[in-house]
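Participant: File run-v5.pdb follows (PDB, C-alpha atoms, pLDDT in the B column):
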```
ATOM      1  CA  MET M 298     -24.822 -61.503 -88.385  1.00 66.00           C
ATOM      2  CA  LYS M 299     -23.618 -61.684 -84.809  1.00 72.00           C
ATOM      3  CA  HIS M 300     -21.671 -58.823 -83.342  1.00 73.00           C
ATOM      4  CA  HIS M 301     -18.909 -59.847 -80.998  1.00 73.00           C
ATOM      5  CA  LYS M 302     -17.798 -57.467 -78.285  1.00 76.00           C
ATOM      6  CA  GLN M 303     -14.126 -56.808 -78.289  1.00 71.00           C
ATOM      7  CA  LYS M 304     -12.259 -57.700 -75.145  1.00 76.00           C
ATOM      8  CA  GLY M 305      -9.000 -56.253 -73.958  1.00 77.00           C
ATOM      9  CA  MET M 306      -7.365 -52.918 -73.319  1.00 78.00           C
ATOM     10  CA  THR M 307      -7.236 -49.986 -75.628  1.00 85.00           C
ATOM     11  CA  VAL M 308      -3.923 -48.395 -76.493  1.00 88.00           C
ATOM     12  CA  LEU M 309      -4.683 -45.514 -74.128  1.00 91.00           C
ATOM     13  CA  GLY M 310      -5.500 -47.945 -71.316  1.00 89.00           C
ATOM     14  CA  MET M 311      -2.256 -49.797 -71.923  1.00 92.00           C
ATOM     15  CA  LEU M 312      -0.226 -46.558 -71.846  1.00 94.00           C
ATOM     16  CA  VAL M 313      -1.838 -45.463 -68.566  1.00 94.00           C
ATOM     17  CA  THR M 314      -1.130 -48.881 -67.057  1.00 94.00           C
ATOM     18  CA  LEU M 315       2.496 -48.767 -68.222  1.00 96.00           C
ATOM     19  CA  ALA M 316       2.912 -45.253 -66.799  1.00 95.00           C
ATOM     20  CA  ILE M 317       1.581 -46.343 -63.394  1.00 96.00           C
ATOM     21  CA  VAL M 318       3.752 -49.473 -63.336  1.00 96.00           C
ATOM     22  CA  GLY M 319       6.777 -47.408 -64.407  1.00 94.00           C
ATOM     23  CA  PHE M 320       6.127 -44.920 -61.602  1.00 93.00           C
ATOM     24  CA  PHE M 321       6.123 -47.634 -58.957  1.00 94.00           C
ATOM     25  CA  ILE M 322       9.197 -49.355 -60.396  1.00 95.00           C
ATOM     26  CA  THR M 323      11.057 -46.037 -60.369  1.00 92.00           C
ATOM     27  CA  ALA M 324       9.969 -45.394 -56.786  1.00 92.00           C
ATOM     28  CA  GLY M 325      11.153 -48.840 -55.737  1.00 93.00           C
ATOM     29  CA  LEU M 326      14.516 -48.471 -57.421  1.00 94.00           C
ATOM     30  CA  LYS M 327      15.117 -45.033 -55.903  1.00 93.00           C
ATOM     31  CA  VAL M 328      13.855 -45.630 -52.356  1.00 93.00           C
ATOM     32  CA  GLY M 329      14.550 -49.356 -51.983  1.00 93.00           C
ATOM     33  CA  PRO M 330      18.323 -49.027 -51.420  1.00 93.00           C
ATOM     34  CA  LEU M 331      17.668 -46.568 -48.577  1.00 93.00           C
ATOM     35  CA  TYR M 332      15.557 -49.156 -46.772  1.00 94.00           C
ATOM     36  CA  LEU M 333      18.134 -51.848 -47.506  1.00 93.00           C
ATOM     37  CA  ASP M 334      20.855 -49.721 -45.915  1.00 92.00           C
ATOM     38  CA  ASN M 335      18.617 -49.092 -42.918  1.00 95.00           C
ATOM     39  CA  SER M 336      18.082 -52.828 -42.461  1.00 95.00           C
ATOM     40  CA  PHE M 337      21.869 -53.135 -42.100  1.00 94.00           C
ATOM     41  CA  VAL M 338      21.843 -50.244 -39.614  1.00 94.00           C
ATOM     42  CA  LYS M 339      19.241 -52.139 -37.557  1.00 95.00           C
ATOM     43  CA  ALA M 340      21.351 -55.282 -37.740  1.00 94.00           C
ATOM     44  CA  ALA M 341      24.385 -53.299 -36.565  1.00 93.00           C
ATOM     45  CA  MET M 342      22.405 -51.970 -33.618  1.00 93.00           C
ATOM     46  CA  ASP M 343      21.211 -55.487 -32.788  1.00 92.00           C
ATOM     47  CA  SER M 344      24.799 -56.752 -32.944  1.00 91.00           C
ATOM     48  CA  LEU M 345      25.581 -54.548 -29.949  1.00 91.00           C
ATOM     49  CA  ALA M 346      23.665 -57.067 -27.818  1.00 88.00           C
ATOM     50  CA  GLU M 347      26.590 -59.472 -28.281  1.00 90.00           C
ATOM     51  CA  GLU M 348      28.983 -56.957 -26.715  1.00 86.00           C
ATOM     52  CA  ASN M 349      29.258 -55.640 -23.187  1.00 87.00           C
ATOM     53  CA  ILE M 350      28.787 -52.020 -24.202  1.00 87.00           C
ATOM     54  CA  HIS M 351      28.836 -50.851 -20.558  1.00 84.00           C
ATOM     55  CA  THR M 352      32.570 -51.471 -20.497  1.00 86.00           C
ATOM     56  CA  MET M 353      33.227 -50.104 -23.976  1.00 88.00           C
ATOM     57  CA  THR M 354      34.089 -46.473 -24.539  1.00 90.00           C
ATOM     58  CA  ASP M 355      31.954 -44.347 -26.837  1.00 91.00           C
ATOM     59  CA  LYS M 356      34.786 -44.445 -29.373  1.00 92.00           C
ATOM     60  CA  ASP M 357      34.837 -48.267 -29.265  1.00 93.00           C
ATOM     61  CA  VAL M 358      31.073 -48.448 -29.805  1.00 92.00           C
ATOM     62  CA  ARG M 359      31.379 -46.166 -32.821  1.00 93.00           C
ATOM     63  CA  LYS M 360      34.303 -48.232 -34.168  1.00 93.00           C
ATOM     64  CA  LYS M 361      32.260 -51.431 -33.816  1.00 93.00           C
ATOM     65  CA  LEU M 362      29.336 -49.887 -35.713  1.00 94.00           C
ATOM     66  CA  ALA M 363      31.640 -48.367 -38.343  1.00 93.00           C
ATOM     67  CA  ALA M 364      33.250 -51.772 -38.952  1.00 93.00           C
ATOM     68  CA  PHE M 365      29.809 -53.340 -39.396  1.00 93.00           C
ATOM     69  CA  PHE M 366      28.836 -50.584 -41.832  1.00 93.00           C
ATOM     70  CA  ASP M 367      32.058 -51.042 -43.834  1.00 93.00           C
ATOM     71  CA  ILE M 368      31.605 -54.795 -44.105  1.00 93.00           C
ATOM     72  CA  ASN M 369      28.005 -54.425 -45.282  1.00 92.00           C
ATOM     73  CA  ASN M 370      28.721 -51.458 -47.583  1.00 91.00           C
ATOM     74  CA  VAL M 371      26.367 -49.085 -45.777  1.00 89.00           C
ATOM     75  CA  ARG M 372      26.836 -45.687 -47.346  1.00 81.00           C
ATOM     76  CA  ASP M 373      26.394 -42.140 -46.144  1.00 85.00           C
ATOM     77  CA  ILE M 374      26.051 -42.732 -42.403  1.00 89.00           C
ATOM     78  CA  ASP M 375      27.753 -40.013 -40.398  1.00 89.00           C
ATOM     79  CA  MET M 376      29.216 -41.541 -37.255  1.00 89.00           C
ATOM     80  CA  LYS M 377      28.681 -38.214 -35.487  1.00 89.00           C
ATOM     81  CA  ASP M 378      24.928 -38.877 -35.680  1.00 91.00           C
ATOM     82  CA  ILE M 379      25.315 -41.781 -33.250  1.00 94.00           C
ATOM     83  CA  LYS M 380      24.285 -40.683 -29.772  1.00 95.00           C
ATOM     84  CA  ILE M 381      25.295 -42.730 -26.754  1.00 93.00           C
ATOM     85  CA  GLU M 382      23.561 -42.106 -23.418  1.00 93.00           C
ATOM     86  CA  ARG M 383      24.829 -43.915 -20.372  1.00 91.00           C
ATOM     87  CA  GLU M 384      22.926 -44.499 -17.158  1.00 89.00           C
ATOM     88  CA  LYS M 385      23.613 -46.760 -14.172  1.00 88.00           C
ATOM     89  CA  THR M 386      21.576 -49.687 -15.441  1.00 87.00           C
ATOM     90  CA  ARG M 387      21.573 -49.212 -19.176  1.00 88.00           C
ATOM     91  CA  THR M 388      23.240 -47.750 -22.223  1.00 91.00           C
ATOM     92  CA  LEU M 389      21.117 -46.279 -24.998  1.00 93.00           C
ATOM     93  CA  VAL M 390      22.618 -46.007 -28.488  1.00 94.00           C
ATOM     94  CA  THR M 391      20.550 -44.090 -31.062  1.00 96.00           C
ATOM     95  CA  LEU M 392      21.096 -43.332 -34.708  1.00 95.00           C
ATOM     96  CA  ASN M 393      18.448 -41.073 -36.215  1.00 95.00           C
ATOM     97  CA  TYR M 394      19.046 -39.816 -39.716  1.00 94.00           C
ATOM     98  CA  GLU M 395      17.271 -38.828 -42.892  1.00 93.00           C
ATOM     99  CA  LYS M 396      18.126 -39.367 -46.511  1.00 93.00           C
ATOM    100  CA  ARG M 397      17.052 -37.347 -49.519  1.00 94.00           C
ATOM    101  CA  VAL M 398      17.015 -38.838 -52.989  1.00 93.00           C
ATOM    102  CA  ASN M 399      16.082 -37.141 -56.227  1.00 93.00           C
ATOM    103  CA  PHE M 400      12.964 -38.843 -57.562  1.00 89.00           C
ATOM    104  CA  MET M 401      12.141 -37.052 -60.816  1.00 87.00           C
ATOM    105  CA  ALA M 402      13.151 -33.637 -62.093  1.00 89.00           C
ATOM    106  CA  ASN M 403      12.713 -31.296 -59.103  1.00 93.00           C
ATOM    107  CA  VAL M 404      10.865 -33.797 -56.891  1.00 92.00           C
ATOM    108  CA  ASP M 405      12.835 -35.266 -53.991  1.00 93.00           C
ATOM    109  CA  VAL M 406      11.884 -38.040 -51.595  1.00 93.00           C
ATOM    110  CA  VAL M 407      12.933 -37.609 -47.968  1.00 95.00           C
ATOM    111  CA  VAL M 408      13.022 -40.715 -45.795  1.00 95.00           C
ATOM    112  CA  ARG M 409      13.563 -40.513 -42.029  1.00 96.00           C
ATOM    113  CA  PHE M 410      14.930 -43.425 -39.997  1.00 96.00           C
ATOM    114  CA  ASN M 411      15.025 -43.836 -36.217  1.00 96.00           C
ATOM    115  CA  ASN M 412      17.159 -46.662 -34.843  1.00 95.00           C
ATOM    116  CA  SER M 413      18.108 -47.425 -31.270  1.00 94.00           C
ATOM    117  CA  TYR M 414      19.585 -50.088 -29.030  1.00 93.00           C
ATOM    118  CA  ASP M 415      18.741 -50.240 -25.341  1.00 91.00           C
ATOM    119  CA  SER M 416      21.041 -52.495 -23.338  1.00 87.00           C
ATOM    120  CA  SER M 417      18.430 -52.968 -20.592  1.00 83.00           C
ATOM    121  CA  LYS M 418      16.148 -54.997 -22.880  1.00 75.00           C
TER     122      LYS M 418
END
```
Go through the file and emit its structure as structure tokens.

Facilitator:
Amino acid sequence: MKHHKQKGMTVLGMLVTLAIVGFFITAGLKVGPLYLDNSFVKAAMDSLAEENIHTMTDKDVRKKLAAFFDINNVRDIDMKDIKIEREKTRTLVTLNYEKRVNFMANVDVVVRFNNSYDSSK
């Protein structure tokens, strides 16, 4: 009689694999929207290149960014976090913020984003 070796995963192996896959899917679903929102923040900053921000007031720059955020449904960005520094040859607009999202039970994920637009580039 020939003995054939069994091939495949055990039930325990399958459960461990499912737990690991579930962990990464949960992480992606929780943290992914934060990165999606930040991609729109970067696009908003890049859209400032189409404007002459040297002639715009700080309020107008914030209004332009706020309109972009509204159109693209960017949530939870405080317009007070936008810093505008003006020099003779350039204007620097920065938006640095962090977001905290509950991951599981009492474990939170904190993500920090740094965005800027330099008109001299």

Participant: Could you list, as a list in words, every residue within 8 Å of segment 328-336 of chain M, counting only C-alpha atoms and ignoring same-chain residues fewer than 6 positions away?

Facilitator: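 Residues meeting the cut-off are Val371, Arg372, Lys396, Val398, Val406, Val408 and Phe410 of chain M.
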
Participant: For Met342 of chain M, which residue among M:Leu326, M:Met306, M:Leu362, M:Val313 is the nearest when counting all atoms listed in the file?

Facilitator: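 Ranking M:Leu326, M:Met306, M:Leu362, M:Val313 by distance to Met342 of chain M, first place goes to M:Leu362.
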
Participant: Using all atoms listed in the file, pick whichever of M:Lys377, M:Asp357, M:Arg387, M:Phe365 has the shortest atom-to-atom distance to Ser344 of chain M.

Facilitator: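 Residue with the minimum atom-to-atom distance to Ser344 of chain M: M:Phe365.
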
Participant: Nearest residue to Gly325 of chain M out of M:His301, M:Val338, M:Phe400, M:Asn393, using only C-alpha atoms?

Facilitator: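 Among the listed residues, the smallest separation from Gly325 of chain M belongs to M:Phe400.
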
Participant: To one decimal place, how far is atom CA of Ser416 of chain M from atom CA of Asp367 of chain M in Å?

Facilitator: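 Atom CA of Asp367 of chain M lies at a distance of 23.3 Å from atom CA of Ser416 of chain M.
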
Participant: What lies within 12 Å of Thr388 of chain M using all atoms listed in the file, ignoring chain neighbours under 3 positions off, as JSON, numbers by chain?

Facilitator: {"M": [345, 346, 348, 349, 350, 351, 352, 353, 354, 355, 358, 380, 381, 382, 383, 384, 385, 391, 413, 414, 415, 416, 417, 418]}

Participant: Save out the residues we just selected, C-alpha atoms, as a PDB file, in the coordinates of the input.

Facilitator:
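Ended up saving to again_11.pdb:
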```pdb
ATOM      1  CA  LEU M 345      25.581 -54.548 -29.949  1.00 91.00           C
ATOM      2  CA  ALA M 346      23.665 -57.067 -27.818  1.00 88.00           C
ATOM      3  CA  GLU M 348      28.983 -56.957 -26.715  1.00 86.00           C
ATOM      4  CA  ASN M 349      29.258 -55.640 -23.187  1.00 87.00           C
ATOM      5  CA  ILE M 350      28.787 -52.020 -24.202  1.00 87.00           C
ATOM      6  CA  HIS M 351      28.836 -50.851 -20.558  1.00 84.00           C
ATOM      7  CA  THR M 352      32.570 -51.471 -20.497  1.00 86.00           C
ATOM      8  CA  MET M 353      33.227 -50.104 -23.976  1.00 88.00           C
ATOM      9  CA  THR M 354      34.089 -46.473 -24.539  1.00 90.00           C
ATOM     10  CA  ASP M 355      31.954 -44.347 -26.837  1.00 91.00           C
ATOM     11  CA  VAL M 358      31.073 -48.448 -29.805  1.00 92.00           C
ATOM     12  CA  LYS M 380      24.285 -40.683 -29.772  1.00 95.00           C
ATOM     13  CA  ILE M 381      25.295 -42.730 -26.754  1.00 93.00           C
ATOM     14  CA  GLU M 382      23.561 -42.106 -23.418  1.00 93.00           C
ATOM     15  CA  ARG M 383      24.829 -43.915 -20.372  1.00 91.00           C
ATOM     16  CA  GLU M 384      22.926 -44.499 -17.158  1.00 89.00           C
ATOM     17  CA  LYS M 385      23.613 -46.760 -14.172  1.00 88.00           C
ATOM     18  CA  THR M 391      20.550 -44.090 -31.062  1.00 96.00           C
ATOM     19  CA  SER M 413      18.108 -47.425 -31.270  1.00 94.00           C
ATOM     20  CA  TYR M 414      19.585 -50.088 -29.030  1.00 93.00           C
ATOM     21  CA  ASP M 415      18.741 -50.240 -25.341  1.00 91.00           C
ATOM     22  CA  SER M 416      21.041 -52.495 -23.338  1.00 87.00           C
ATOM     23  CA  SER M 417      18.430 -52.968 -20.592  1.00 83.00           C
ATOM     24  CA  LYS M 418      16.148 -54.997 -22.880  1.00 75.00           C
TER      25      LYS M 418
END
```

Participant: Taking into account all atoms listed in the file, which residue in the set M:Val404, M:Phe320, M:Lys361, M:Leu312 is nearest to Glu347 of chain M?

Facilitator: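 The answer is M:Lys361, which sits nearest to Glu347 of chain M.
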
Participant: Find the residue from M:Lys327, M:Arg359, M:Lys299, M:Lys304 that sits nearest to Ile374 of chain M; use all atoms listed in the file when measuring.

Facilitator: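 Smallest distance to Ile374 of chain M is found for M:Arg359.
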
Participant: Find the distance between atom CA of Leu389 of chain M and atom CA of Met376 of chain M and write it in Å to one decimal.

Facilitator: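 These atoms are spaced 15.4 Å apart.
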
Participant: What is the atom CA of Thr386 of chain M-atom CA of Ala341 of chain M distance in Å, reported with one decimal?

Facilitator: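 About the pair atom CA of Thr386 of chain M and atom CA of Ala341 of chain M: they are 21.6 Å apart.
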
Participant: Which of these residues is nearest to Phe337 of chain M, using all atoms listed in the file: M:Thr314, M:Asp375, M:Asn412, M:Val308?

Facilitator: M:Asn412

Participant: Emit as lines of an AutoDock Vina configuration file the padded axis-aligned box for all listed atoms of segment 384-393 of chain M, 8 Å per side, with centre and edge lengths in Å to one decimal.

Facilitator:
```
center_x = 21.0
center_y = -45.4
center_z = -25.2
size_x = 21.2
size_y = 24.6
size_z = 38.0
```
